Structure formats: C-alpha cells, structure tokens
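> One structure, pasted below without further comment.
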Amino acid sequence: MNLIFLRNVFLKGLGLFLVVDLIFIAVNPASLGKLSLYNHLFIGRQRFPFGEDSSQSYNLSLFNLDAMFASHVIANGIKPIDEYRVIVIGDSSIWGTLLRPEETLSGQMNAAGLSLCGKKMRVYNLGYPTISLTKDLMVLDYAMRYQPDLIIWSVTLEAFPADNQLSSPIVANNAARLGNLIVRYSLPLNQNDSALMHPSFWDDTLIGQRRALADLLRLQIYGVLWSATGVDQIYPADYQHTQTDFNTDVSYHNMQPPKMGDSKLAFTEIDAGLRIAGKTSLILINEPMLISTGRNSDLRYNFLYPRWVYDQWREMMAVRAEAGGWKYLDLWNIVPAGEFTNSAIHLTPSGEALLVGWVEQFTLQQSCP
Amino acid sequence: MTFAVVLISIGVAALLGMVMRNRWRIKLLLGISVLAVYAFQPLLPVRGLDFWLPTATLALVSLTWIITSPPENRTWLKNFPALLSLFSIVLVLGLTRYLGISLYLTASNPPQTIYIIIGLAAIALIALLLMHFSKPNKALLIGASVFIILLFVILKVPQLSTIISGLLRSMNHQSTSLTLSQDLRWLGFSYIAFRLLHTIRDRLSGRLPVVSLTEYMVYVIFFPALTAGPIDRIERFVGDLRRPLALTSDDIGESGKRLLFGLFKKFAIADLLAMVALNATNALQVHSAGWAWVLLYAFALQIYFDFSGYTDIAIGLGRLLGISLPENFNAPYLKPNLTQFWNNWHMTLTQWFRAYFFNPVTRVLRSGKKSLPIPVIIFFTQLATMVLIGLWHGVTLNFVAWGMWHGLGLFVHNRWSELTRAHFTALSSRWQSVLNVGGLLLTFNFVALGWVFFALPNLTISINYLRVLFGLA
C-alpha cells in the first residue's frame, strides 16, 4: 500500500477544504439567504416559513431573515403601480396557526378584493409565530424596503413583557440586526444579553454554518411541494382546544396585583415601530382573545392573562394611543369563545372573518396621501 | 442505512484492508459480516425479534451450506473453526445484555442467555442431523428452495406477516392490537434469499463450486452487500476471496472515488430528492398536472440515486476488502429503449431472473411437442418475469401492476424492434441519433409512469394520480 499517495490525497483534500472555507467566510454566509428560487422557479410563500414537521408541513423554521423574506410573495418583483400595499405584522394569530393561507386575516382581506385610494389593495401576511414586540420590530424594519402604503400591527399583552423580548429564537439568532435597532431607536435592551447568539469566527465557517446552509437548501427544496400542493402547515383533523378552566394563580411575569408597572412593558418598541413606519400609516390592533366562562374565569380571562393585568394594560394602551395620536383599534372582545382553536388568540376561519370585518372597515377609512 | 453506519462501515473496511493478512482475511471478514448482520438489523417492536432474525439468517445460511455441500466437504475438522466462531459471536453478543451499556451491535437488549443457548443448541442439533443423515439430493434441495420462497412470501405478503407478527406478540405476551406487517422487517432477507436460491439451483445443476462454510457464509452475508446488493455469483465472489489481497494505490483511489460518489448520490442527491418525491401523502395534495410530473420525476431520480449510491458504496467497500462486486447500474435512464433500460437497471437482479426463470421457462416453452408461436412465448416469459420482479419488491397489487407495465412494455418494444429493425438500420447516423434521443425520452417517461405504481400504496391512488398527470382529474 502506498502511504505517500494516501498522505498526498489527504493533504490536498485538506488544502482544498481550507481554501473553500476561507472563500465562504469572505462572502458572508448569512447573505446567502437572499438567493432564492421562490418567486422565480416556485411561487412565493403567502406567509413566512415556519414549521416543525417538515416532511408533512413542507415548511421549516429558520433564523435567516433574508431567506424568509426572499421566499415570501412580497419579494416578487417591484411593487405594481396600481397596488395599495398593506403589510400585516404580528404573532401566530396573524401568521395563521391551523388556518390555510386564504383563511388568515390577510388571505380573507385579499379575497374581498378591496380598493383604496384608487388602487387595488393587496395584503401581505408578515406575521411570525412567536410573541415579542422586538421580533415584530425586526420584521417591520426589514419590510419597509417593500414600500408598504399601510401597516397593520396586531399586538397582544403577551408581546409586551420585557422578559419576552429576546426569547423569540429569531431575535436571539439575529443579534447584529437587533443591535442596530437598539442603537437606532434607543431600545431598553442589552446587546450583550446571554439570550443573544453572537457568532464567532468558527460559527461563520462551513462547519459552523452547516445547519443554516442545510436549512436554506431545505427551504428551497420545499418550494416544490409548496408550489405543487399549497400546503405550508399541518392541519390535524383534531387538536387540543384551548384551556377554559384555570387555577387561582393571578400572577403575571413576576407581577402581582393590584398594580402592574408599565416600566416592565416594552412600550418603547411601539414608539420605535411608529418611527420606523414614518409617514406610512400604521394601524395598531389589540387582537381578539378568548374570554372564558369556565372555572375561575372571574380571575382570569384565559390561560395567558389574569383579568387585573389585562384590564390595566388595555387602559394604558388607550391612554397612550390617545396621547400619541395612534390609529388604534381595540378588538379584544369581538370574537365569541367558540371561535378560538388551540390557543387564546388563535381563531377559526369564521372567527377570523369577524376580525376581518372590523379591520376592513377601519382600513377603508384611511385617508389617501 | 444511516450516514453514520455507512461511515463506520467505511472505517471498518479501510482498517481491515490495511491490517488483513491473507491468513486471517477470510476469518476477519466472517467475524465482521456476522456482527454486521446484527448491527444493521433495525429495531423491531416484537421483543427479541431483532436478535432472533439475524440469528435465523446465520442458521439458514449454515443449513443451506450443509445441504448444498458434498459430504466430503462437510468434515468437522475443516469447518469446526467457522462453527465455533459463529456460536461464540452469537453467544458473546447475547452476553452484552449484562454490560448495562449499549454497544450498538444489537438493535435492542439481547434475549436472556438461556434462551440463546437453547436456540443455538436447536440449530446445532438440526445441523448435526443434516450433516450426518443427508446428502445433497434433489428432493432436499427443492424442499429447501420451497422453504426459502415460503419465508419470502410470508415476509412480503402484508396479511401473512401481520398474522405471524401477531403470533409472535402473543408468545411474548405483548399486545396484539398494535400488530403491523412491518414488525417482521428482516434486514437483507431479499438479497440473502436470492443468494441462497442461486447456490441451491447451481447445486442442482452441478455448477456450484466446492466452498467451505466460512467462504459460503462470507459470500451470503458479505457486509457491504448485505442490505442492498448487488447479488454476486458465488464462483466469482469466492475467486476474489481466495486471491491474495494486495491493495494498491489504484484500488484505494478507485474505492475512494466510488465511496465519494456513492455517499454524494445517496446522502446529498437522493435524500434531497426524497423530500419532494412522489409519495402517498403528496399524491393526494398535488393540484396541477405540471407539478405532478415534477414529483414523479423527483421519485424516478431519487430511487435511482438512492439505489445506485448504495451500490457505489458497496462496490467501494468491497474493493477495499479485495472483492470486486459486480455493477448494478449503468446509466439506465440514458438508454434509448426499455430492453436496454432493463439490461442496465438493477443488473444483478435481472441477470438472476434471466438465469433462473426467463431462460429456463423459455427453453421449456420452446422445446414442447407443440411449440408455441415465438411472440406468445416472448409475451408470456417477459410478462411473468417482470411480474415476479415486481413481487420480489412486495406482494401487492401495485407491484403486480408495475411488473405488468414493464412486461408489456418489453413485449411491445420487442415486437416493434423486430418489425422496424431493417428500416431503422438503413437510416443515416444523424437520424439514428435523433431516434435515440426520442427513444431515451420515451423510455424515461415510460419508466417514470411505471414508478406511479411502485411509489403509491394502492391502485385507486395510482390510477387517480395518472389521471392528474394527464389533466383528467
């Protein structure tokens, strides 16, 4: 056996690998997300990629915002002149857990074929299934390059607690993007928080990026099945319905009655969102939630919120909206309890239709530039 | 096989290739292949079955060797070391249950040692009886063939395997409500059965070379070819086995190339295509003919890259161990007609069927007193051969339909080429090339349409999918 031959093969292979790796680091691996087959070979997704069982949902969760937007239908070419572009940001209730794309708020608004300011209204679903205002801010900041005419920002109290801001994996894995937002809008967040992932040199190598690269590739491959089937999440025949009976616990994120401190809530993010929107109209919605009539429902509205804390937060929102001149729509109780699915904020298609009615009415009242 | 298992196999083969000296080579190959029979066996829900099925493999191979070997070759002295090795390995594997840690050599904790000893004693008793009281006679050999085919049928007919699984579960005091046909996944049995049948048939025809138990065992359970072939011929395999091993840099280079190609084909291309390839779920979800073709093409390519990738890996591993396994694929999708496709797709399986079914049946039909017309003979033999190849994959109506699709296709091509050969050979080379490209596209699409029956679980879904493909749904 020729050991010199083996040694040479090994050394040449190693050398080639190192060269390829250095080139890879030099081209900034994160930017590879902008390369996408969606909107070219495959139709753009109606909502952001998100999912756990990829083999059934033909979808997956990843942290590359470039790739998420590049796969979305909003990135399909330049904005048509006759389009009144509406973007909707928010959590899983906007993304549409258990709803088909056409059953979501944006899907139903598109189906209505509305026009505003002499243009055809086209609504884009930019919701993402984690609850954090900072996550919404990150999405909004990115989405502004797509020239929206109107922004609908759907929020709920759970997106406000300070300790929820960095817990969204998409925030934690985009530390540089978040750092930029912190500096630009003086957000009360710590750039060196241990929840944030700061990539090292090794994390940028081919080996460090192997998972991210595989996710990018899988996202492209699943474009085939998304285009072929229109399926982007699992729709189980049955699921566990949201909880309606509760215990007597009325604490909320380490807050105890009778008074919640607004310093522990991320109102700065709302202000930052309004600044990012600039002259673009922004409608802020307090999204509908389940009002339970089960055990201890005199103490809690639902599994997310004790009554005392939610009522105080709604008051704070109303006062701030008045003072700041926000376009604010408080729709907290418009949907009956039977129209919620597996969570206190996830709606059935008919529950969604109720929400659409209110939002459409308010949207059509917007003044034109 | 997972990527990790393949990498471990490569590591083991490379190590063996480097350290094996000729005296120990075959013994090491025997030991490693026996361990692989256990290590590759997937976990099964029936208690202890993932230990007993590999043990049954070893027993079946040993007993088949006994009945196919001339009595003078079955001497105790000559084969004692092999028998001792087999029994020792099984016993030691069984004892690993007392280590308290998993060595990944068995899918689950082995059964209690007493049961293993009883099992081994029973096998030894049958072996001794066969060695002392049997000669390789026709009735015994045919009986053994029938037994192997019966086992094969039980494993491949879901209803039968469900019944057997239920019985095994009852014997184990396990719930029978969870019984599934997949409970009896016997790793590599399809290939093992075909190697055993090949040796029995060659013994019947007097062509089987005289081989020792070790050589026979290594041939049947050679670990690189255990799970996905190729199905080698014993005389060729043993020839390589007996040749002194002298690995050259050419061998290593060629082996490395095949392994890299194989790994890339299987784990990069095939596994990616598998994500979008046609399956029972997406067949019901696809909403347009265009995308339906995309999913079907993805399946056609996935099955090729998956299978040919495994073959490359097996050939690469074999080369490191001094065994030149036969090729299984030779660019089948680039062939201009269906006959050539089948001459280049899963070649060792088709050669097996040609040697042991197609040719003998054709001979019988041609040599009858009232000889049938040639087209009728071709029609019958091609249809029957392809249906049998279909049934080899599983005894379901869909595999029958797949076999019939190809059988009819081969017959039509045979008749077409008979009719047009004279005309086409007179054409210019330019027109020949155009026809070849047309033939290639036609053949690929014909084969792809056949995959609908292969990929989907029943005829209703398959026919509905065909309607979607042609915009009729």
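Letters A, B, ... mark the chains of the structure tokens in the order given; residue numbers begin at 1 per chain; ligand numbers begin at 1, in order shown.
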Could you list, with a cut-off of 8 Å and counting only C-alpha atoms, the residues of chain A near chain B, each shown with its nearest atom pair and the distance in Å rounded to one decimal, rows sorted by chain and ascending number, as JSON lines?

```
{"residue": "A:Met1", "atom": "CA", "partner": "B:Thr248", "partner_atom": "CA", "distance": 5.2}
{"residue": "A:Asn2", "atom": "CA", "partner": "B:Ser249", "partner_atom": "CA", "distance": 5.7}
{"residue": "A:Phe5", "atom": "CA", "partner": "B:Ser249", "partner_atom": "CA", "distance": 6.9}
{"residue": "A:Leu6", "atom": "CA", "partner": "B:Ser249", "partner_atom": "CA", "distance": 7.8}
{"residue": "A:Ser55", "atom": "CA", "partner": "B:Met275", "partner_atom": "CA", "distance": 6.9}
{"residue": "A:Arg218", "atom": "CA", "partner": "B:Leu272", "partner_atom": "CA", "distance": 7.7}
{"residue": "A:Ile221", "atom": "CA", "partner": "B:Val276", "partner_atom": "CA", "distance": 7.1}
{"residue": "A:Tyr222", "atom": "CA", "partner": "B:Val276", "partner_atom": "CA", "distance": 6.9}
{"residue": "A:Val224", "atom": "CA", "partner": "B:Val276", "partner_atom": "CA", "distance": 6.7}
{"residue": "A:Leu225", "atom": "CA", "partner": "B:Val276", "partner_atom": "CA", "distance": 6.2}
{"residue": "A:Ser227", "atom": "CA", "partner": "B:Trp291", "partner_atom": "CA", "distance": 7.6}
{"residue": "A:Ala228", "atom": "CA", "partner": "B:Trp291", "partner_atom": "CA", "distance": 5.1}
{"residue": "A:Thr229", "atom": "CA", "partner": "B:Val286", "partner_atom": "CA", "distance": 4.5}
{"residue": "A:Val231", "atom": "CA", "partner": "B:Gln285", "partner_atom": "CA", "distance": 8.0}
```
> May I have the residues within 10 Å of Asp66 in chain A as a ChimeraX atom specification, using only C-alpha atoms and disregarding those fewer than 6 positions away in the same chain?
/A:30-36,142
> Let's have the selection written as a PDB file, in the first residue's frame, with C-alpha atoms.

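Everything below was put into part22.pdb:
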```pdb
ATOM      1  CA  ALA A  30     -25.604  34.939   6.112  1.00  0.00           C
ATOM      2  CA  SER A  31     -26.170  36.873   2.899  1.00  0.00           C
ATOM      3  CA  LEU A  32     -26.713  33.618   1.009  1.00  0.00           C
ATOM      4  CA  GLY A  33     -30.291  33.812   2.223  1.00  0.00           C
ATOM      5  CA  LYS A  34     -31.012  36.451  -0.415  1.00  0.00           C
ATOM      6  CA  LEU A  35     -30.524  33.802  -3.099  1.00  0.00           C
ATOM      7  CA  SER A  36     -33.884  32.140  -3.546  1.00  0.00           C
ATOM      8  CA  TYR A 142     -36.913  44.814   7.103  1.00  0.00           C
TER       9      TYR A 142
END
```
> Among range 264-365 of chain A, which residues does DSSP mark as alpha helix (DSSP H) when it is run on the backbone? Keep the chain and numbering as in the structure and answer as a PyMOL selection string.
chain A and resi 267-277+307-324+349-364
> Could the residues in this selection be written to a file with N, CA and C atoms, as a short mmCIF file (atom, residue, chain, number, x, y, z; two decimals), in the first residue's frame?

```
data_model
loop_
_atom_site.label_atom_id
_atom_site.label_comp_id
_atom_site.auth_asym_id
_atom_site.auth_seq_id
_atom_site.Cartn_x
_atom_site.Cartn_y
_atom_site.Cartn_z
N PHE A 267 -43.16 49.40 25.83
CA PHE A 267 -43.82 50.44 25.04
C PHE A 267 -42.83 51.16 24.12
N THR A 268 -41.55 51.14 24.51
CA THR A 268 -40.54 51.79 23.66
C THR A 268 -40.56 51.17 22.26
N GLU A 269 -40.83 49.86 22.18
CA GLU A 269 -40.86 49.18 20.89
C GLU A 269 -42.00 49.70 20.02
N ILE A 270 -43.13 50.03 20.67
CA ILE A 270 -44.25 50.58 19.90
C ILE A 270 -43.84 51.94 19.32
N ASP A 271 -43.20 52.75 20.16
CA ASP A 271 -42.74 54.06 19.67
C ASP A 271 -41.75 53.88 18.52
N ALA A 272 -40.85 52.90 18.68
CA ALA A 272 -39.86 52.65 17.63
C ALA A 272 -40.56 52.21 16.34
N GLY A 273 -41.60 51.40 16.47
CA GLY A 273 -42.34 50.95 15.29
C GLY A 273 -42.96 52.12 14.55
N LEU A 274 -43.51 53.03 15.32
CA LEU A 274 -44.11 54.22 14.70
C LEU A 274 -43.06 55.06 13.99
N ARG A 275 -41.86 55.11 14.59
CA ARG A 275 -40.77 55.87 13.95
C ARG A 275 -40.30 55.17 12.68
N ILE A 276 -40.22 53.85 12.73
CA ILE A 276 -39.82 53.10 11.53
C ILE A 276 -40.85 53.33 10.41
N ALA A 277 -42.13 53.29 10.77
CA ALA A 277 -43.18 53.49 9.76
C ALA A 277 -43.09 54.88 9.15
N ARG A 307 -57.26 38.72 34.82
CA ARG A 307 -58.10 39.88 34.44
C ARG A 307 -57.46 41.22 34.85
N TRP A 308 -56.96 41.27 36.09
CA TRP A 308 -56.48 42.57 36.60
C TRP A 308 -55.38 43.15 35.72
N VAL A 309 -54.47 42.27 35.23
CA VAL A 309 -53.32 42.77 34.48
C VAL A 309 -53.75 43.18 33.07
N TYR A 310 -54.65 42.39 32.50
CA TYR A 310 -55.07 42.70 31.14
C TYR A 310 -55.86 44.00 31.11
N ASP A 311 -56.74 44.17 32.10
CA ASP A 311 -57.56 45.39 32.13
C ASP A 311 -56.67 46.62 32.28
N GLN A 312 -55.66 46.52 33.15
CA GLN A 312 -54.76 47.67 33.33
C GLN A 312 -53.97 47.97 32.06
N TRP A 313 -53.55 46.89 31.39
CA TRP A 313 -52.77 47.10 30.14
C TRP A 313 -53.64 47.77 29.07
N ARG A 314 -54.90 47.34 28.97
CA ARG A 314 -55.80 47.95 27.98
C ARG A 314 -55.96 49.45 28.27
N GLU A 315 -56.08 49.76 29.55
CA GLU A 315 -56.21 51.18 29.92
C GLU A 315 -54.97 51.96 29.51
N MET A 316 -53.80 51.35 29.80
CA MET A 316 -52.54 52.02 29.42
C MET A 316 -52.47 52.24 27.91
N MET A 317 -52.88 51.23 27.16
CA MET A 317 -52.84 51.33 25.70
C MET A 317 -53.76 52.46 25.22
N ALA A 318 -54.95 52.51 25.82
CA ALA A 318 -55.90 53.53 25.40
C ALA A 318 -55.35 54.93 25.69
N VAL A 319 -54.76 55.08 26.88
CA VAL A 319 -54.21 56.40 27.26
C VAL A 319 -53.08 56.79 26.32
N ARG A 320 -52.17 55.84 26.07
CA ARG A 320 -51.03 56.13 25.19
C ARG A 320 -51.48 56.41 23.76
N ALA A 321 -52.48 55.66 23.31
CA ALA A 321 -52.98 55.86 21.95
C ALA A 321 -53.56 57.26 21.81
N GLU A 322 -54.29 57.66 22.81
CA GLU A 322 -54.90 59.00 22.80
C GLU A 322 -53.80 60.06 22.79
N ALA A 323 -52.85 59.87 23.72
CA ALA A 323 -51.79 60.88 23.86
C ALA A 323 -50.90 60.92 22.62
N GLY A 324 -50.62 59.76 22.05
CA GLY A 324 -49.68 59.72 20.92
C GLY A 324 -50.35 59.84 19.58
N PRO A 349 -61.68 30.01 11.04
CA PRO A 349 -61.91 30.85 9.86
C PRO A 349 -63.07 31.82 10.05
N SER A 350 -64.15 31.38 10.72
CA SER A 350 -65.26 32.31 10.89
C SER A 350 -64.94 33.37 11.96
N GLY A 351 -64.16 33.00 12.96
CA GLY A 351 -63.69 34.00 13.93
C GLY A 351 -62.83 35.03 13.22
N GLU A 352 -62.01 34.54 12.31
CA GLU A 352 -61.12 35.42 11.54
C GLU A 352 -61.97 36.38 10.68
N ALA A 353 -63.09 35.86 10.17
CA ALA A 353 -63.96 36.70 9.32
C ALA A 353 -64.53 37.87 10.14
N LEU A 354 -64.83 37.60 11.41
CA LEU A 354 -65.34 38.69 12.27
C LEU A 354 -64.28 39.78 12.41
N LEU A 355 -63.04 39.33 12.62
CA LEU A 355 -61.93 40.29 12.77
C LEU A 355 -61.76 41.06 11.45
N VAL A 356 -61.83 40.34 10.34
CA VAL A 356 -61.64 40.97 9.03
C VAL A 356 -62.65 42.10 8.84
N GLY A 357 -63.90 41.86 9.25
CA GLY A 357 -64.93 42.88 9.10
C GLY A 357 -64.53 44.19 9.76
N TRP A 358 -64.06 44.12 10.99
CA TRP A 358 -63.65 45.32 11.72
C TRP A 358 -62.44 45.98 11.08
N VAL A 359 -61.46 45.15 10.74
CA VAL A 359 -60.20 45.71 10.21
C VAL A 359 -60.44 46.35 8.84
N GLU A 360 -61.26 45.70 8.01
CA GLU A 360 -61.56 46.26 6.69
C GLU A 360 -62.22 47.63 6.82
N GLN A 361 -63.20 47.68 7.73
CA GLN A 361 -63.94 48.92 7.91
C GLN A 361 -62.99 50.05 8.32
N PHE A 362 -62.10 49.74 9.26
CA PHE A 362 -61.17 50.77 9.77
C PHE A 362 -60.15 51.13 8.69
N THR A 363 -59.71 50.12 7.93
CA THR A 363 -58.69 50.35 6.90
C THR A 363 -59.23 51.26 5.80
N LEU A 364 -60.48 51.02 5.41
CA LEU A 364 -61.06 51.80 4.30
C LEU A 364 -61.30 53.26 4.69
#
```
> Got a sec: who's within 12 Å of Ala212 in chain A, counting only C-alpha atoms, leaving out chain neighbours fewer than 5 positions off, as a ChimeraX atom specification?
/A:29-33,60-65,67,173,203-207,217-219
> Env of range 110-125 of chain B: 7 Å cut, atoms = only C-alpha atoms, seq-sep filter 6 positions within chain, self excluded. Answer as a list in words.
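Residues near the query, excluding close chain neighbours: Gly48, Phe51, Ala59, Gly94, Leu95 and Arg97 of chain B.
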> What are the DSSP strand (DSSP E or B) residues of range 87-261 of chain A, as a ChimeraX atom specification?
/A:87-89,115-116,119-125,150-155,161,252,255
> Could you dump the residues just selected with N, CA and C atoms as a PDB file, in the first residue's frame?

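Result saved to again_38.pdb:
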```pdb
ATOM      1  N   ILE A  87     -49.173  45.686   4.704  1.00  0.00           N
ATOM      2  CA  ILE A  87     -48.460  44.583   5.364  1.00  0.00           C
ATOM      3  C   ILE A  87     -49.058  44.388   6.758  1.00  0.00           C
ATOM      4  N   VAL A  88     -49.195  43.141   7.132  1.00  0.00           N
ATOM      5  CA  VAL A  88     -49.742  42.823   8.461  1.00  0.00           C
ATOM      6  C   VAL A  88     -48.663  42.109   9.253  1.00  0.00           C
ATOM      7  N   ILE A  89     -48.293  42.672  10.387  1.00  0.00           N
ATOM      8  CA  ILE A  89     -47.288  42.014  11.234  1.00  0.00           C
ATOM      9  C   ILE A  89     -47.939  41.614  12.554  1.00  0.00           C
ATOM     10  N   SER A 115     -60.397  48.022  -2.666  1.00  0.00           N
ATOM     11  CA  SER A 115     -59.594  49.073  -3.303  1.00  0.00           C
ATOM     12  C   SER A 115     -59.507  50.246  -2.340  1.00  0.00           C
ATOM     13  N   LEU A 116     -58.399  50.953  -2.402  1.00  0.00           N
ATOM     14  CA  LEU A 116     -58.228  52.139  -1.558  1.00  0.00           C
ATOM     15  C   LEU A 116     -57.361  53.128  -2.330  1.00  0.00           C
ATOM     16  N   LYS A 119     -56.493  52.380  -5.866  1.00  0.00           N
ATOM     17  CA  LYS A 119     -55.604  51.258  -6.179  1.00  0.00           C
ATOM     18  C   LYS A 119     -56.179  49.969  -5.593  1.00  0.00           C
ATOM     19  N   LYS A 120     -55.748  48.853  -6.189  1.00  0.00           N
ATOM     20  CA  LYS A 120     -56.199  47.550  -5.667  1.00  0.00           C
ATOM     21  C   LYS A 120     -55.426  47.222  -4.391  1.00  0.00           C
ATOM     22  N   MET A 121     -56.158  46.894  -3.367  1.00  0.00           N
ATOM     23  CA  MET A 121     -55.478  46.603  -2.100  1.00  0.00           C
ATOM     24  C   MET A 121     -54.927  45.173  -2.132  1.00  0.00           C
ATOM     25  N   ARG A 122     -53.647  45.040  -1.775  1.00  0.00           N
ATOM     26  CA  ARG A 122     -53.047  43.710  -1.679  1.00  0.00           C
ATOM     27  C   ARG A 122     -52.437  43.598  -0.282  1.00  0.00           C
ATOM     28  N   VAL A 123     -52.871  42.611   0.443  1.00  0.00           N
ATOM     29  CA  VAL A 123     -52.460  42.480   1.844  1.00  0.00           C
ATOM     30  C   VAL A 123     -51.435  41.352   1.978  1.00  0.00           C
ATOM     31  N   TYR A 124     -50.322  41.617   2.643  1.00  0.00           N
ATOM     32  CA  TYR A 124     -49.239  40.636   2.793  1.00  0.00           C
ATOM     33  C   TYR A 124     -49.139  40.195   4.252  1.00  0.00           C
ATOM     34  N   ASN A 125     -49.136  38.905   4.434  1.00  0.00           N
ATOM     35  CA  ASN A 125     -49.068  38.336   5.783  1.00  0.00           C
ATOM     36  C   ASN A 125     -47.602  38.250   6.212  1.00  0.00           C
ATOM     37  N   LEU A 150     -49.623  50.879   3.885  1.00  0.00           N
ATOM     38  CA  LEU A 150     -50.287  50.795   5.183  1.00  0.00           C
ATOM     39  C   LEU A 150     -49.708  49.615   5.957  1.00  0.00           C
ATOM     40  N   ILE A 151     -49.510  49.856   7.253  1.00  0.00           N
ATOM     41  CA  ILE A 151     -49.013  48.780   8.121  1.00  0.00           C
ATOM     42  C   ILE A 151     -50.091  48.458   9.149  1.00  0.00           C
ATOM     43  N   ILE A 152     -50.427  47.180   9.255  1.00  0.00           N
ATOM     44  CA  ILE A 152     -51.339  46.756  10.333  1.00  0.00           C
ATOM     45  C   ILE A 152     -50.501  45.933  11.304  1.00  0.00           C
ATOM     46  N   TRP A 153     -50.455  46.421  12.536  1.00  0.00           N
ATOM     47  CA  TRP A 153     -49.611  45.760  13.552  1.00  0.00           C
ATOM     48  C   TRP A 153     -50.540  45.215  14.633  1.00  0.00           C
ATOM     49  N   SER A 154     -50.649  43.914  14.666  1.00  0.00           N
ATOM     50  CA  SER A 154     -51.546  43.262  15.616  1.00  0.00           C
ATOM     51  C   SER A 154     -50.749  42.846  16.846  1.00  0.00           C
ATOM     52  N   VAL A 155     -51.192  43.318  18.014  1.00  0.00           N
ATOM     53  CA  VAL A 155     -50.435  43.015  19.239  1.00  0.00           C
ATOM     54  C   VAL A 155     -51.363  42.442  20.309  1.00  0.00           C
ATOM     55  N   PRO A 161     -44.180  42.126  27.801  1.00  0.00           N
ATOM     56  CA  PRO A 161     -43.257  41.986  28.939  1.00  0.00           C
ATOM     57  C   PRO A 161     -41.795  42.009  28.494  1.00  0.00           C
ATOM     58  N   TYR A 252     -48.464  37.506  36.951  1.00  0.00           N
ATOM     59  CA  TYR A 252     -48.183  37.630  35.522  1.00  0.00           C
ATOM     60  C   TYR A 252     -46.750  38.117  35.344  1.00  0.00           C
ATOM     61  N   MET A 255     -45.305  39.746  38.087  1.00  0.00           N
ATOM     62  CA  MET A 255     -46.072  40.901  38.589  1.00  0.00           C
ATOM     63  C   MET A 255     -47.260  40.373  39.400  1.00  0.00           C
TER      64      MET A 255
END
```
> Would you mind listing what lies within 8 Å of range 448-453 of chain B as a PyMOL selection string, with only C-alpha atoms counted and same-chain residues fewer than 3 positions away left out?
chain B and resi 296-297+299-300+398-399+401-402+405-406+444-445+456-459+462+465-466
> Leaving out Gly338 in chain A and any residue of its chain fewer than 6 positions from it, which residues lie within 12 Å of it when counting only C-alpha atoms, given as a PyMOL selection string?
chain A and resi 241-244+289-293+344-351
> If you keep C-alpha atoms, can you produce a file of those selected residues as a PDB file, in the first residue's frame?

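Below is the file that was written, out.pdb:
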```pdb
ATOM      1  CA  HIS A 241     -58.783  23.014  22.316  1.00  0.00           C
ATOM      2  CA  THR A 242     -57.659  25.960  24.360  1.00  0.00           C
ATOM      3  CA  GLN A 243     -57.987  25.807  28.105  1.00  0.00           C
ATOM      4  CA  THR A 244     -61.113  27.351  29.640  1.00  0.00           C
ATOM      5  CA  MET A 289     -58.643  36.961  22.706  1.00  0.00           C
ATOM      6  CA  LEU A 290     -60.677  34.272  24.383  1.00  0.00           C
ATOM      7  CA  ILE A 291     -62.888  35.448  27.225  1.00  0.00           C
ATOM      8  CA  SER A 292     -63.514  32.264  29.104  1.00  0.00           C
ATOM      9  CA  THR A 293     -66.565  31.433  31.207  1.00  0.00           C
ATOM     10  CA  ALA A 344     -56.499  32.004  23.488  1.00  0.00           C
ATOM     11  CA  ILE A 345     -55.524  34.046  20.398  1.00  0.00           C
ATOM     12  CA  HIS A 346     -55.897  31.545  17.529  1.00  0.00           C
ATOM     13  CA  LEU A 347     -59.134  31.963  15.603  1.00  0.00           C
ATOM     14  CA  THR A 348     -61.281  29.705  13.456  1.00  0.00           C
ATOM     15  CA  PRO A 349     -61.907  30.847   9.860  1.00  0.00           C
ATOM     16  CA  SER A 350     -65.262  32.312  10.894  1.00  0.00           C
ATOM     17  CA  GLY A 351     -63.688  33.997  13.928  1.00  0.00           C
TER      18      GLY A 351
END
```
> Fewer than 5 positions away in the same chain doesn't count, so skip those; otherwise give me all residues within 9 Å of Ala175 in chain A, counting only C-alpha atoms, as a VMD selection string.
chain A and resid 180 191 to 192 196 to 199
> Could the residues in this selection be written to a file with N, CA and C atoms, as a compact mmCIF listing (two decimals), in the first residue's frame?

```txt
# COMPACT_ATOMS: atom_id res chain seq x y z
N ASN A 180 -28.43 46.86 15.87
CA ASN A 180 -28.67 48.02 15.04
C ASN A 180 -29.96 48.74 15.46
N GLN A 191 -27.46 44.52 24.48
CA GLN A 191 -26.87 43.85 23.30
C GLN A 191 -26.04 42.64 23.70
N ASN A 192 -25.60 42.64 24.95
CA ASN A 192 -24.77 41.52 25.40
C ASN A 192 -25.56 40.52 26.24
N LEU A 196 -28.79 36.23 23.57
CA LEU A 196 -28.44 36.51 22.17
C LEU A 196 -27.25 35.68 21.71
N MET A 197 -27.32 35.23 20.49
CA MET A 197 -26.24 34.42 19.91
C MET A 197 -25.30 35.32 19.10
N HIS A 198 -24.07 35.46 19.58
CA HIS A 198 -23.08 36.24 18.82
C HIS A 198 -22.15 35.27 18.12
N PRO A 199 -22.22 35.17 16.79
CA PRO A 199 -21.41 34.16 16.10
C PRO A 199 -19.92 34.47 16.19
```
> To one decimal place in Å, what is the distance between CA of Ala314 in chain B and CA of Phe223 in chain B?
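CA of Phe223 in chain B lies 8.5 Å from CA of Ala314 in chain B.
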> Go through B:Ile67, B:Leu321, B:Leu150, B:Leu383 one by one, measure the shortest atom-to-atom distance of each to Ile32 in chain B using only C-alpha atoms, and give the residue with the smallest value.
B:Leu321
